[in-house]
Amino acid sequence: MQEQEKIVSMFDDIAPTYDTANRVMSMGVDKSWRRKACDLSFEFYAKDSITKIVDVACGTGDMMDFWSSRAQKSSVNIKEIVGVDPSVGMVDVAKQKYPKFNYHIAGATQMPLEDESTDMLSITYGIRNVVKRKEAFEEFNRVLKKDGLVVILEFMKNENPSLLGKIRDFYMNKILPYVGGIISKNLEAYQYLPNSIKDFSTVLNMQNELEEAGFEMLYTKSFSMDISTLLIARKK
């Protein structure tokens, strides 16, 4: 089994308990990061009518719901919100929770979406699970309209951690996997999380990769002891 297929299979296995494990492990603070990502994106895009928002690696659909609820708060009309994910298990949960959205079973590098059809594209805590990241960024560029936004929330590798950063690393490496493992009954899946961060890109590398794929960086900020980083870029 290829690496990408293994990752998809792992998410299929943990789909039923994924939401509970995530809320417990993040202590709910991921909600504030998601709100920030949506609100800033609407400010940067500065339009009150949006044709389509696509959430890649949509998982169980929570980010799509944030797009919808924050749009209402910002008086932005969205015609369609689409979730894309290769995990059938995750999308099945998403469809039960949020039947009003549309879904595609597909990976980030090959999406069944038309060229320049999308206003905004988000991927939250999913880009590190994409093996061919360069191809994914090129695909994001293809489906976005000119001046469209790519919005990334991710756990990034920290090359020079502060004391708080070291506390974060201890939590994510030593405590988090066991909490997630107990809830999901799949320790291996939650050991994958800190390992995937440790082997992942730095913020600077990610910015460079986005620029090489034809994007202009608009915003980069790390939150909560650098646990989570938000990157917003515009298609040139």
# chains A, B, ... in the order shown; residues from 1 in each chain; ligands from 1

call {"tool": "select_by_dssp", "arguments": {"residues": "region 7-233 of chain A", "states": "strand (DSSP E)", "output": "ChimeraX atom specification"}}
result
/A:49-56,77-85,102-105,118-124,144-154,215-223,228-233

call {"tool": "residues_around", "arguments": {"residues": "region 143-149 of chain A", "least_positions_apart": "4", "cutoff": "8 Å", "atoms": "only C-alpha atoms", "output": "list of chain:residue names"}}
result
A:Ser41, A:Tyr45, A:Leu113, A:Glu114, A:Asp115, A:Glu116, A:Ser117, A:Thr118, A:Asp119, A:Met120, A:Leu121, A:Glu139, A:Ile232, A:Ala233, A:Arg234, A:Lys235, A:Lys236

call {"tool": "atom_distance", "arguments": {"atom1": "CA of Val203 (chain A)", "atom2": "CA of Asn129 (chain A)"}}
result
15.8 Å

call {"tool": "select_by_dssp", "arguments": {"residues": "region 25-195 of chain A", "states": "helix (DSSP H, G or I)", "output": "MDAnalysis selection string"}}
result
chainID A and resid 25:26 30:45 62:73 88:97 127:129 133:143 163:184 187:195

call {"tool": "residues_around", "arguments": {"residues": "Phe101 (chain A)", "least_positions_apart": "6", "cutoff": "9 Å", "atoms": "only C-alpha atoms", "output": "list of chain:residue names"}}
result
A:Gly61, A:Met64, A:Asp65, A:Glu80, A:Ile81, A:Val82, A:Gly83, A:Ala94, A:Lys95

call {"tool": "write_last_selection", "arguments": {"atoms": "C-alpha atoms", "output": "short mmCIF file (atom, residue, chain, number, x, y, z; two decimals), in the first residue's frame"}}
result
data_model
loop_
_atom_site.label_atom_id
_atom_site.label_comp_id
_atom_site.auth_asym_id
_atom_site.auth_seq_id
_atom_site.Cartn_x
_atom_site.Cartn_y
_atom_site.Cartn_z
CA GLY A 61 -17.02 18.86 7.77
CA MET A 64 -17.35 24.01 6.09
CA ASP A 65 -19.77 24.83 8.88
CA GLU A 80 -22.05 26.74 -2.67
CA ILE A 81 -19.70 25.13 -0.13
CA VAL A 82 -17.95 21.97 -1.32
CA GLY A 83 -16.00 19.41 0.71
CA ALA A 94 -19.64 14.89 7.32
CA LYS A 95 -22.73 14.13 5.24
#

call {"tool": "closest_residue", "arguments": {"among": "A:Met10, A:Leu231, A:Ile167, A:Val84", "to": "Asn186 (chain A)", "atoms": "only C-alpha atoms"}}
result
A:Met10
